[in-house]
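**Q** This one is run.cif, mmCIF, C-alpha atoms and all ligand atoms.
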```
data_final
#
loop_
_atom_site.label_atom_id
_atom_site.label_comp_id
_atom_site.auth_asym_id
_atom_site.auth_seq_id
_atom_site.Cartn_x
_atom_site.Cartn_y
_atom_site.Cartn_z
CA MET A 1 -23.98 -57.99 -26.37
CA ASP A 2 -21.24 -58.65 -28.91
CA PHE A 3 -21.45 -57.70 -32.52
CA PRO A 4 -24.10 -59.79 -34.36
CA LYS A 5 -22.45 -62.61 -36.30
CA HIS A 6 -25.44 -63.32 -38.50
CA ILE A 7 -27.82 -60.60 -39.70
CA ALA A 8 -30.92 -61.48 -41.70
CA ILE A 9 -32.92 -58.83 -43.56
CA ILE A 10 -36.49 -58.72 -44.87
CA MET A 11 -35.98 -56.13 -47.61
CA ASP A 12 -39.47 -54.64 -47.77
CA GLY A 13 -40.88 -51.49 -49.34
CA ASN A 14 -39.54 -51.47 -52.91
CA GLY A 15 -43.07 -51.25 -54.31
CA ARG A 16 -44.04 -48.33 -52.06
CA TRP A 17 -40.79 -46.51 -52.86
CA ALA A 18 -41.68 -46.71 -56.56
CA LYS A 19 -45.34 -45.80 -56.01
CA GLN A 20 -44.38 -42.65 -54.09
CA ARG A 21 -42.52 -41.54 -57.20
CA GLY A 22 -45.11 -42.62 -59.72
CA LEU A 23 -42.73 -45.28 -61.05
CA PRO A 24 -43.45 -48.92 -61.94
CA ARG A 25 -42.81 -51.41 -59.10
CA ILE A 26 -39.81 -52.87 -60.90
CA ALA A 27 -38.08 -49.48 -60.63
CA GLY A 28 -38.35 -49.91 -56.86
CA HIS A 29 -36.78 -53.35 -57.08
CA ARG A 30 -33.97 -51.95 -59.21
CA GLU A 31 -33.31 -49.27 -56.59
CA GLY A 32 -33.53 -52.06 -54.00
CA MET A 33 -30.72 -53.83 -55.81
CA LYS A 34 -28.55 -50.73 -55.31
CA ALA A 35 -29.31 -50.93 -51.58
CA VAL A 36 -28.25 -54.60 -51.66
CA LYS A 37 -24.89 -53.62 -53.17
CA ARG A 38 -24.43 -50.86 -50.58
CA ILE A 39 -25.27 -53.05 -47.61
CA VAL A 40 -23.21 -56.03 -48.79
CA LYS A 41 -20.19 -53.75 -49.17
CA PHE A 42 -20.76 -52.25 -45.74
CA ALA A 43 -21.25 -55.67 -44.14
CA VAL A 44 -17.83 -56.66 -45.54
CA ASN A 45 -16.27 -53.53 -44.04
CA LEU A 46 -17.96 -54.07 -40.69
CA GLY A 47 -16.67 -57.63 -40.61
CA ILE A 48 -20.10 -59.23 -40.29
CA LYS A 49 -19.74 -62.97 -40.72
CA THR A 50 -23.08 -63.84 -42.32
CA LEU A 51 -25.75 -61.81 -44.10
CA THR A 52 -29.00 -63.43 -45.21
CA LEU A 53 -31.23 -61.45 -47.58
CA TYR A 54 -34.87 -62.37 -48.26
CA ALA A 55 -35.03 -61.79 -52.01
CA PHE A 56 -37.99 -63.90 -53.15
CA SER A 57 -40.48 -65.91 -51.13
CA THR A 58 -42.45 -69.00 -52.07
CA GLU A 59 -45.51 -66.69 -51.95
CA ASN A 60 -44.03 -64.06 -54.28
CA TRP A 61 -45.03 -66.18 -57.31
CA LYS A 62 -48.54 -64.78 -56.71
CA ARG A 63 -47.39 -61.35 -57.96
CA PRO A 64 -48.15 -60.21 -61.53
CA LYS A 65 -46.21 -62.19 -64.13
CA ASP A 66 -44.19 -59.22 -65.34
CA GLU A 67 -43.08 -58.33 -61.80
CA VAL A 68 -41.97 -61.93 -61.18
CA SER A 69 -40.02 -62.11 -64.43
CA GLY A 70 -38.61 -58.63 -63.82
CA LEU A 71 -37.35 -59.75 -60.42
CA MET A 72 -35.81 -62.94 -61.86
CA ASN A 73 -34.02 -60.83 -64.48
CA LEU A 74 -32.74 -58.49 -61.77
CA PHE A 75 -31.35 -61.40 -59.74
CA CYS A 76 -29.56 -62.73 -62.83
CA GLU A 77 -28.25 -59.27 -63.61
CA TYR A 78 -27.01 -58.87 -60.03
CA ILE A 79 -25.08 -62.14 -60.13
CA LYS A 80 -23.59 -61.47 -63.58
CA LYS A 81 -22.57 -57.90 -62.78
CA GLU A 82 -21.38 -58.42 -59.23
CA ILE A 83 -19.66 -61.80 -59.40
CA ASP A 84 -16.16 -60.36 -59.95
CA GLU A 85 -16.53 -57.95 -57.07
CA VAL A 86 -18.00 -60.67 -54.88
CA ILE A 87 -14.96 -62.84 -55.61
CA SER A 88 -12.44 -60.04 -55.04
CA ASN A 89 -14.09 -59.15 -51.73
CA ASN A 90 -13.64 -62.72 -50.49
CA ILE A 91 -17.42 -63.17 -50.22
CA LYS A 92 -18.82 -66.67 -50.16
CA MET A 93 -22.24 -66.89 -51.80
CA CYS A 94 -24.91 -69.38 -50.91
CA VAL A 95 -28.67 -69.69 -51.29
CA SER A 96 -31.53 -70.85 -49.13
CA GLY A 97 -34.84 -71.96 -50.58
CA ASP A 98 -36.38 -74.42 -52.98
CA ILE A 99 -33.94 -73.50 -55.71
CA GLU A 100 -34.66 -76.50 -57.93
CA HIS A 101 -37.88 -74.76 -58.95
CA LEU A 102 -36.20 -71.54 -60.08
CA PRO A 103 -35.76 -70.80 -63.80
CA LYS A 104 -32.98 -72.98 -65.24
CA LYS A 105 -30.89 -70.03 -66.41
CA MET A 106 -30.92 -68.53 -62.97
CA LEU A 107 -30.11 -71.81 -61.26
CA SER A 108 -27.03 -72.28 -63.43
CA LEU A 109 -25.88 -68.70 -62.72
CA LEU A 110 -26.37 -69.30 -59.00
CA ASN A 111 -24.52 -72.62 -59.06
CA HIS A 112 -21.67 -70.98 -60.94
CA ALA A 113 -21.45 -68.19 -58.33
CA ILE A 114 -21.56 -70.68 -55.46
CA GLU A 115 -18.84 -72.79 -57.07
CA LYS A 116 -16.63 -69.76 -57.84
CA THR A 117 -16.84 -68.46 -54.26
CA LYS A 118 -16.85 -71.67 -52.27
CA LYS A 119 -13.27 -71.28 -51.05
CA ASN A 120 -13.74 -67.66 -49.93
CA ASN A 121 -13.74 -67.12 -46.20
CA GLY A 122 -14.97 -63.55 -45.77
CA LEU A 123 -18.63 -62.54 -45.58
CA ILE A 124 -21.10 -65.34 -46.23
CA LEU A 125 -23.82 -63.84 -48.42
CA ASN A 126 -26.85 -66.07 -48.20
CA ILE A 127 -29.66 -65.17 -50.58
CA ALA A 128 -33.10 -66.54 -49.77
CA LEU A 129 -34.71 -67.32 -53.11
CA ASN A 130 -37.97 -69.16 -53.56
CA TYR A 131 -37.74 -69.42 -49.81
CA GLY A 132 -40.56 -70.10 -47.36
CA GLY A 133 -40.06 -71.13 -43.74
CA ARG A 134 -42.96 -73.57 -43.79
CA ASP A 135 -41.87 -74.97 -47.15
CA GLU A 136 -38.37 -75.50 -45.75
CA ILE A 137 -39.72 -77.32 -42.67
CA VAL A 138 -41.85 -79.59 -44.89
CA ARG A 139 -38.86 -80.34 -47.18
CA VAL A 140 -36.69 -81.16 -44.14
CA THR A 141 -39.40 -83.43 -42.72
CA LYS A 142 -39.70 -85.30 -46.02
CA ARG A 143 -35.95 -85.91 -46.19
CA ILE A 144 -35.81 -87.15 -42.60
CA VAL A 145 -38.79 -89.46 -43.12
CA GLU A 146 -37.21 -90.77 -46.35
CA LYS A 147 -34.06 -91.66 -44.41
CA ALA A 148 -36.04 -93.10 -41.51
CA ILE A 149 -37.98 -95.40 -43.85
CA ILE A 150 -34.81 -96.93 -45.26
CA GLY A 151 -33.35 -97.25 -41.77
CA ASP A 152 -30.65 -94.56 -42.05
CA ILE A 153 -32.16 -92.57 -39.18
CA ALA A 154 -33.72 -94.08 -36.05
CA LEU A 155 -36.71 -92.36 -34.43
CA ASN A 156 -34.81 -91.62 -31.23
CA GLU A 157 -32.04 -89.91 -33.19
CA ILE A 158 -34.41 -87.18 -34.35
CA ASP A 159 -33.81 -84.09 -32.25
CA GLU A 160 -33.38 -80.34 -32.80
CA ASN A 161 -29.74 -80.74 -33.84
CA LEU A 162 -30.49 -83.40 -36.41
CA PHE A 163 -33.44 -81.42 -37.75
CA SER A 164 -31.30 -78.27 -38.03
CA SER A 165 -28.69 -80.14 -40.03
CA PHE A 166 -31.22 -80.61 -42.84
CA LEU A 167 -32.21 -76.93 -43.06
CA ASP A 168 -31.33 -74.87 -46.15
CA THR A 169 -29.24 -72.61 -43.93
CA TYR A 170 -27.08 -75.43 -42.52
CA PRO A 171 -24.27 -75.02 -41.40
CA LEU A 172 -24.89 -71.31 -40.83
CA PRO A 173 -25.68 -70.29 -37.25
CA ASP A 174 -29.15 -68.94 -36.48
CA PRO A 175 -29.46 -65.17 -37.10
CA ASP A 176 -28.63 -62.98 -34.12
CA LEU A 177 -30.44 -60.01 -35.58
CA LEU A 178 -33.40 -59.79 -37.95
CA ILE A 179 -34.04 -56.46 -39.65
CA ARG A 180 -37.28 -55.61 -41.42
CA THR A 181 -37.70 -52.43 -43.38
CA SER A 182 -40.81 -50.43 -44.34
CA GLY A 183 -42.43 -50.62 -40.92
CA GLU A 184 -44.30 -53.92 -41.24
CA THR A 185 -44.20 -55.99 -38.06
CA ARG A 186 -44.55 -59.46 -39.59
CA ILE A 187 -42.20 -62.38 -40.12
CA SER A 188 -43.71 -63.27 -43.52
CA ASN A 189 -42.64 -66.92 -43.47
CA PHE A 190 -38.94 -66.06 -43.14
CA LEU A 191 -36.56 -68.46 -41.34
CA LEU A 192 -39.30 -69.70 -39.01
CA TRP A 193 -37.18 -72.38 -37.35
CA GLN A 194 -33.98 -70.31 -37.22
CA ILE A 195 -35.37 -67.15 -35.59
CA ALA A 196 -36.58 -68.81 -32.38
CA TYR A 197 -34.32 -66.51 -30.31
CA THR A 198 -33.34 -63.86 -32.86
CA GLU A 199 -33.51 -60.20 -31.87
CA ILE A 200 -35.81 -58.20 -34.15
CA TRP A 201 -35.29 -54.62 -35.31
CA ILE A 202 -37.88 -52.85 -37.41
CA THR A 203 -37.53 -49.55 -39.22
CA SER A 204 -40.04 -47.53 -41.22
CA VAL A 205 -37.34 -46.79 -43.81
CA LEU A 206 -38.20 -48.33 -47.20
CA TRP A 207 -35.60 -50.81 -48.46
CA PRO A 208 -34.32 -48.65 -51.37
CA ASP A 209 -33.56 -45.91 -48.82
CA PHE A 210 -31.82 -48.25 -46.37
CA SER A 211 -28.28 -47.04 -45.82
CA GLU A 212 -25.09 -47.82 -43.93
CA GLU A 213 -26.29 -45.55 -41.08
CA HIS A 214 -29.47 -47.58 -40.67
CA LEU A 215 -27.53 -50.81 -40.46
CA LEU A 216 -25.24 -49.29 -37.85
CA GLU A 217 -28.27 -48.08 -35.90
CA ALA A 218 -29.67 -51.63 -35.89
CA VAL A 219 -26.33 -53.09 -34.77
CA GLU A 220 -25.97 -50.51 -31.98
CA ASP A 221 -29.48 -51.29 -30.78
CA TYR A 222 -28.71 -55.00 -30.85
CA LYS A 223 -25.60 -54.49 -28.76
CA LEU A 224 -27.71 -52.98 -25.97
CA ARG A 225 -30.01 -55.97 -25.76
CA LYS A 226 -29.78 -58.71 -23.16
CA ARG A 227 -30.35 -62.11 -24.70
CA LYS A 228 -31.53 -64.78 -22.29
CA PHE A 229 -32.50 -67.64 -24.62
CA GLY A 230 -35.31 -68.56 -22.25
CA GLY A 231 -33.09 -68.37 -19.15
CA VAL A 232 -32.97 -65.57 -16.56
C1 LIG A 301 -40.24 -56.54 -51.08
O1 LIG A 301 -40.75 -55.25 -51.42
C2 LIG A 301 -39.13 -56.87 -51.94
C3 LIG A 301 -39.04 -57.98 -52.73
C4 LIG A 301 -40.09 -59.01 -52.80
C5 LIG A 301 -37.89 -58.20 -53.62
C6 LIG A 301 -36.52 -57.95 -53.05
C7 LIG A 301 -35.61 -57.76 -54.17
C8 LIG A 301 -34.61 -56.83 -54.26
C9 LIG A 301 -34.23 -55.94 -53.14
C10 LIG A 301 -33.88 -56.72 -55.57
C11 LIG A 301 -32.49 -57.18 -55.63
C12 LIG A 301 -32.13 -58.30 -54.76
C13 LIG A 301 -30.97 -59.02 -54.86
C14 LIG A 301 -30.66 -60.07 -53.87
C15 LIG A 301 -29.99 -58.78 -55.94
P1 LIG A 301 -42.25 -55.15 -51.92
O2 LIG A 301 -42.25 -55.29 -53.39
O3 LIG A 301 -43.11 -56.14 -51.20
O4 LIG A 301 -42.60 -53.69 -51.48
P2 LIG A 301 -44.05 -53.14 -51.07
O5 LIG A 301 -44.46 -53.90 -49.83
O6 LIG A 301 -43.80 -51.70 -50.81
O7 LIG A 301 -44.96 -53.38 -52.24
#
```
Mind turning this structure into structure tokens?
Ligand code: FPP
**A**
Amino acid sequence: MDFPKHIAIIMDGNGRWAKQRGLPRIAGHREGMKAVKRIVKFAVNLGIKTLTLYAFSTENWKRPKDEVSGLMNLFCEYIKKEIDEVISNNIKMCVSGDIEHLPKKMLSLLNHAIEKTKKNNGLILNIALNYGGRDEIVRVTKRIVEKAIIGDIALNEIDENLFSSFLDTYPLPDPDLLIRTSGETRISNFLLWQIAYTEIWITSVLWPDFSEEHLLEAVEDYKLRKRKFGGV
């Protein structure tokens, strides 16, 4: 198999990393942010085309208030601190998720970063924020029905291609490789439509400890796989 063009990562285990050290959970997220920087840099060097990172799910609002606000502050901090480096590394930033319901300050920072990097043609860094696979499918369905009601879309035009074109990730290709850290073997509502034929690689390494070597290991494992997409 060729090199994966699109890698998606469920960055799990920040809380456990902190707990093992007797630190507050947010300290784990902060260390997780360092891993994000490391992996983004490495993805640029490896020449990966697209990297999608699951940063905050539609279910993560259920966490304690201070953890949620701590995470939102970290995301803002990341964008503010990293934007210059993102630009100089020719990275194009985008987001997937129900972003309209994110805090206003964060939304404007995100929109600024997207605008500033829209002409870049290196790594596409797609951050999944307030993202849920089921939520995305419901939002797509609503938009298609809206258009069908006013006659912009006919029933027989609705197929997988048309549906895909309304996804948050459009026009990105589906992920070739999905990595999940911290040993959990769940999908956790991530890219449900897009991962129909994605290869999955799971490691027990906690996200803050995830390094360049682990990413390489995942890529090497991917390259050995035979993808059949339902064929023989
Ligand atoms: C899951 O670990 C991690 C998250 C919900 C947050 C991910 C956020 C970061 C890595 C911070 C920076 C991100 C960006 C994009 C700048 P968990 O808290 O569920 O860990 P646990 O299962 O061990 O409790």
**Q** Set the distance at 6 Å and use all atoms listed in the file: which residues neighbour A:Thr50 once local chain neighbours fewer than 4 positions away are removed? I'd like the list as a PyMOL selection string.
**A** chain A and resi 6+123-124
**Q** Hey, which of A:Glu115, A:Asp12, A:Asp66, A:Glu77 ends up closest to A:Pro24? Count only C-alpha atoms.
**A**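 With only C-alpha atoms as the atom set, the closest residue is A:Asp66.
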**Q** Quick one: residues within 7 Å of ligand LIG 301 (chain A), with only C-alpha atoms and all ligand atoms, as a PDB file with C-alpha atoms, keeping the file's coordinate frame?
**A**
```pdb
ATOM      1  CA  MET A  11     -35.980 -56.130 -47.610  1.00  0.00           C
ATOM      2  CA  ASP A  12     -39.470 -54.640 -47.770  1.00  0.00           C
ATOM      3  CA  GLY A  13     -40.880 -51.490 -49.340  1.00  0.00           C
ATOM      4  CA  ASN A  14     -39.540 -51.470 -52.910  1.00  0.00           C
ATOM      5  CA  GLY A  15     -43.070 -51.250 -54.310  1.00  0.00           C
ATOM      6  CA  ARG A  16     -44.040 -48.330 -52.060  1.00  0.00           C
ATOM      7  CA  TRP A  17     -40.790 -46.510 -52.860  1.00  0.00           C
ATOM      8  CA  ARG A  25     -42.810 -51.410 -59.100  1.00  0.00           C
ATOM      9  CA  HIS A  29     -36.780 -53.350 -57.080  1.00  0.00           C
ATOM     10  CA  ARG A  30     -33.970 -51.950 -59.210  1.00  0.00           C
ATOM     11  CA  GLY A  32     -33.530 -52.060 -54.000  1.00  0.00           C
ATOM     12  CA  MET A  33     -30.720 -53.830 -55.810  1.00  0.00           C
ATOM     13  CA  VAL A  36     -28.250 -54.600 -51.660  1.00  0.00           C
ATOM     14  CA  LEU A  53     -31.230 -61.450 -47.580  1.00  0.00           C
ATOM     15  CA  TYR A  54     -34.870 -62.370 -48.260  1.00  0.00           C
ATOM     16  CA  ALA A  55     -35.030 -61.790 -52.010  1.00  0.00           C
ATOM     17  CA  PHE A  56     -37.990 -63.900 -53.150  1.00  0.00           C
ATOM     18  CA  ASN A  60     -44.030 -64.060 -54.280  1.00  0.00           C
ATOM     19  CA  LEU A  71     -37.350 -59.750 -60.420  1.00  0.00           C
ATOM     20  CA  LEU A  74     -32.740 -58.490 -61.770  1.00  0.00           C
ATOM     21  CA  PHE A  75     -31.350 -61.400 -59.740  1.00  0.00           C
ATOM     22  CA  TYR A  78     -27.010 -58.870 -60.030  1.00  0.00           C
ATOM     23  CA  ILE A 127     -29.660 -65.170 -50.580  1.00  0.00           C
TER      24      ILE A 127
END
```
**Q** Give me, as JSON lines, the closest atom pair and its distance (Å, one decimal) for every residue of stretch 133-185 of chain A within a cut-off of 12 Å of stretch 214-229 of chain A, counting all atoms listed in the file, rows sorted by chain and rising number.
**A**
```
{"residue": "A:Pro175", "atom": "CA", "partner": "A:Tyr222", "partner_atom": "CA", "distance": 12.0}
{"residue": "A:Asp176", "atom": "CA", "partner": "A:Tyr222", "partner_atom": "CA", "distance": 8.6}
{"residue": "A:Leu177", "atom": "CA", "partner": "A:Tyr222", "partner_atom": "CA", "distance": 7.1}
{"residue": "A:Leu178", "atom": "CA", "partner": "A:Ala218", "partner_atom": "CA", "distance": 9.2}
{"residue": "A:Ile179", "atom": "CA", "partner": "A:Ala218", "partner_atom": "CA", "distance": 7.5}
{"residue": "A:Arg180", "atom": "CA", "partner": "A:Ala218", "partner_atom": "CA", "distance": 10.2}
{"residue": "A:Thr181", "atom": "CA", "partner": "A:His214", "partner_atom": "CA", "distance": 9.9}
```
**Q** So which one's closest to A:Gly70, A:Gly47, A:Lys119, A:Arg21, A:Gly28? Using only C-alpha atoms, please.
**A**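 Looking only at the distances to A:Gly70, the closest residue turns out to be A:Gly28.
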**Q** Hey, which of A:Asp98, A:Glu184, A:Glu213, A:Glu199 ends up closest to A:Tyr131? Count all atoms listed in the file.
**A** A:Asp98
**Q** List the neighbours of stretch 38-41 of chain A out to 9 Å using only C-alpha atoms; skip same-chain residues closer than 5 positions along the sequence, and give me the result as an NGL selection string.
**A** :A and (33 or 46 or 51 or 89 or 123 or 125 or 210-212 or 215)
**Q** Write to file, as a PDB file, keeping the file's coordinate frame, the residues of the selection just made, with C-alpha atoms.
**A**
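Okay, again_23.pdb is ready:
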```
ATOM      1  CA  MET A  33     -30.720 -53.830 -55.810  1.00  0.00           C
ATOM      2  CA  LEU A  46     -17.960 -54.070 -40.690  1.00  0.00           C
ATOM      3  CA  LEU A  51     -25.750 -61.810 -44.100  1.00  0.00           C
ATOM      4  CA  ASN A  89     -14.090 -59.150 -51.730  1.00  0.00           C
ATOM      5  CA  LEU A 123     -18.630 -62.540 -45.580  1.00  0.00           C
ATOM      6  CA  LEU A 125     -23.820 -63.840 -48.420  1.00  0.00           C
ATOM      7  CA  PHE A 210     -31.820 -48.250 -46.370  1.00  0.00           C
ATOM      8  CA  SER A 211     -28.280 -47.040 -45.820  1.00  0.00           C
ATOM      9  CA  GLU A 212     -25.090 -47.820 -43.930  1.00  0.00           C
ATOM     10  CA  LEU A 215     -27.530 -50.810 -40.460  1.00  0.00           C
TER      11      LEU A 215
END
```
**Q** Mind working out the centre and edge lengths of an axis-aligned box for stretch 120-129 of chain A, all listed atoms inside, 6 Å added to each side, rounded to one decimal in Å and written as JSON?
**A**
```
{"center_x": -24.2, "center_y": -65.1, "center_z": -49.3, "size_x": 33.0, "size_y": 17.1, "size_z": 19.5}
```
**Q** Calculate how many Å separate atom CA of A:Lys19 from atom CA of A:Glu31, rounding to one decimal.
**A**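 Straight-line distance from atom CA of A:Lys19 to atom CA of A:Glu31 works out to 12.5 Å.
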**Q** Measure the distance from atom CA of A:Thr52 to atom CA of A:Thr141 in Å and round it to one decimal.
**A** 22.7 Å
**Q** Take atom CA of A:Asn73 and atom CA of A:Ile26 and report the distance between them in Å, one decimal.
**A**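 Going from atom CA of A:Asn73 over to atom CA of A:Ile26 covers 10.5 Å.
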**Q** With all atoms listed in the file counted, which protein, DNA or RNA residues have an atom no more than 6 Å from (-42.5, -47.9, -38.0) in the file frame? Please answer as a PyMOL selection string.
**A** chain A and resi 183+203-204
**Q** If we count all atoms listed in the file and set the cut-off at 9 Å, which residues sit around A:Cys94, ignoring sequence neighbours fewer than 3 positions away in its own chain? Please answer as a VMD selection string.
**A** chain A and resid 110 to 111 113 to 114 117 to 118 124 to 128 169
**Q** Can you work out which one of A:Asp174, A:Glu146, A:Asp152, A:Glu136 has the shortest atom-to-atom distance to A:Gly97, counting all atoms listed in the file?
**A**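 Once distances to A:Gly97 are computed over all atoms listed in the file, the minimum belongs to A:Glu136.
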**Q** For A:Ile195, which residue out of A:Ala27, A:Ile9, A:Val86, A:Ala35 is the nearest one, using all atoms listed in the file?
**A**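 Looking at the shortest contact to A:Ile195, the residue is A:Ile9.
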**Q** Using all atoms listed in the file, find the one residue out of A:Ala43, A:Pro171, A:Ile187, A:Asn120 that sits nearest to A:Pro4.
**A**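 Answer, going by the shortest atom-to-atom distance: A:Ala43.
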**Q** Any chance you could model N, CA and C atoms for stretch 79-96 of chain A and send them as a PDB file, in the coordinates of the input?
**A**
```pdb
ATOM      1  N   ILE A  79     -26.140 -61.133 -60.215  1.00  0.00           N
ATOM      2  CA  ILE A  79     -25.080 -62.140 -60.130  1.00  0.00           C
ATOM      3  C   ILE A  79     -24.045 -61.893 -61.234  1.00  0.00           C
ATOM      4  N   LYS A  80     -24.518 -61.664 -62.461  1.00  0.00           N
ATOM      5  CA  LYS A  80     -23.590 -61.470 -63.580  1.00  0.00           C
ATOM      6  C   LYS A  80     -22.696 -60.251 -63.362  1.00  0.00           C
ATOM      7  N   LYS A  81     -23.330 -59.141 -62.931  1.00  0.00           N
ATOM      8  CA  LYS A  81     -22.570 -57.900 -62.780  1.00  0.00           C
ATOM      9  C   LYS A  81     -21.661 -57.901 -61.575  1.00  0.00           C
ATOM     10  N   GLU A  82     -22.097 -58.551 -60.505  1.00  0.00           N
ATOM     11  CA  GLU A  82     -21.380 -58.420 -59.230  1.00  0.00           C
ATOM     12  C   GLU A  82     -20.395 -59.545 -58.950  1.00  0.00           C
ATOM     13  N   ILE A  83     -20.452 -60.604 -59.741  1.00  0.00           N
ATOM     14  CA  ILE A  83     -19.660 -61.800 -59.400  1.00  0.00           C
ATOM     15  C   ILE A  83     -18.164 -61.491 -59.205  1.00  0.00           C
ATOM     16  N   ASP A  84     -17.599 -60.653 -60.080  1.00  0.00           N
ATOM     17  CA  ASP A  84     -16.160 -60.360 -59.950  1.00  0.00           C
ATOM     18  C   ASP A  84     -15.866 -59.642 -58.642  1.00  0.00           C
ATOM     19  N   GLU A  85     -16.745 -58.690 -58.313  1.00  0.00           N
ATOM     20  CA  GLU A  85     -16.530 -57.950 -57.070  1.00  0.00           C
ATOM     21  C   GLU A  85     -16.751 -58.833 -55.847  1.00  0.00           C
ATOM     22  N   VAL A  86     -17.730 -59.727 -55.969  1.00  0.00           N
ATOM     23  CA  VAL A  86     -18.000 -60.670 -54.880  1.00  0.00           C
ATOM     24  C   VAL A  86     -16.753 -61.521 -54.647  1.00  0.00           C
ATOM     25  N   ILE A  87     -16.163 -62.008 -55.728  1.00  0.00           N
ATOM     26  CA  ILE A  87     -14.960 -62.840 -55.610  1.00  0.00           C
ATOM     27  C   ILE A  87     -13.819 -62.031 -55.001  1.00  0.00           C
ATOM     28  N   SER A  88     -13.603 -60.809 -55.518  1.00  0.00           N
ATOM     29  CA  SER A  88     -12.440 -60.040 -55.040  1.00  0.00           C
ATOM     30  C   SER A  88     -12.621 -59.558 -53.599  1.00  0.00           C
ATOM     31  N   ASN A  89     -13.863 -59.530 -53.126  1.00  0.00           N
ATOM     32  CA  ASN A  89     -14.090 -59.150 -51.730  1.00  0.00           C
ATOM     33  C   ASN A  89     -14.139 -60.362 -50.793  1.00  0.00           C
ATOM     34  N   ASN A  90     -13.727 -61.503 -51.319  1.00  0.00           N
ATOM     35  CA  ASN A  90     -13.640 -62.720 -50.490  1.00  0.00           C
ATOM     36  C   ASN A  90     -14.992 -63.147 -49.925  1.00  0.00           C
ATOM     37  N   ILE A  91     -16.068 -62.821 -50.667  1.00  0.00           N
ATOM     38  CA  ILE A  91     -17.420 -63.170 -50.220  1.00  0.00           C
ATOM     39  C   ILE A  91     -17.761 -64.585 -50.678  1.00  0.00           C
ATOM     40  N   LYS A  92     -18.375 -65.335 -49.789  1.00  0.00           N
ATOM     41  CA  LYS A  92     -18.820 -66.670 -50.160  1.00  0.00           C
ATOM     42  C   LYS A  92     -20.338 -66.617 -50.344  1.00  0.00           C
ATOM     43  N   MET A  93     -20.795 -66.972 -51.541  1.00  0.00           N
ATOM     44  CA  MET A  93     -22.240 -66.890 -51.800  1.00  0.00           C
ATOM     45  C   MET A  93     -22.924 -68.219 -51.575  1.00  0.00           C
ATOM     46  N   CYS A  94     -24.097 -68.173 -50.980  1.00  0.00           N
ATOM     47  CA  CYS A  94     -24.910 -69.380 -50.910  1.00  0.00           C
ATOM     48  C   CYS A  94     -26.378 -68.999 -51.004  1.00  0.00           C
ATOM     49  N   VAL A  95     -27.233 -69.985 -51.180  1.00  0.00           N
ATOM     50  CA  VAL A  95     -28.670 -69.690 -51.290  1.00  0.00           C
ATOM     51  C   VAL A  95     -29.459 -70.587 -50.353  1.00  0.00           C
ATOM     52  N   SER A  96     -30.579 -70.065 -49.910  1.00  0.00           N
ATOM     53  CA  SER A  96     -31.530 -70.850 -49.130  1.00  0.00           C
ATOM     54  C   SER A  96     -32.851 -70.798 -49.870  1.00  0.00           C
TER      55      SER A  96
END
```
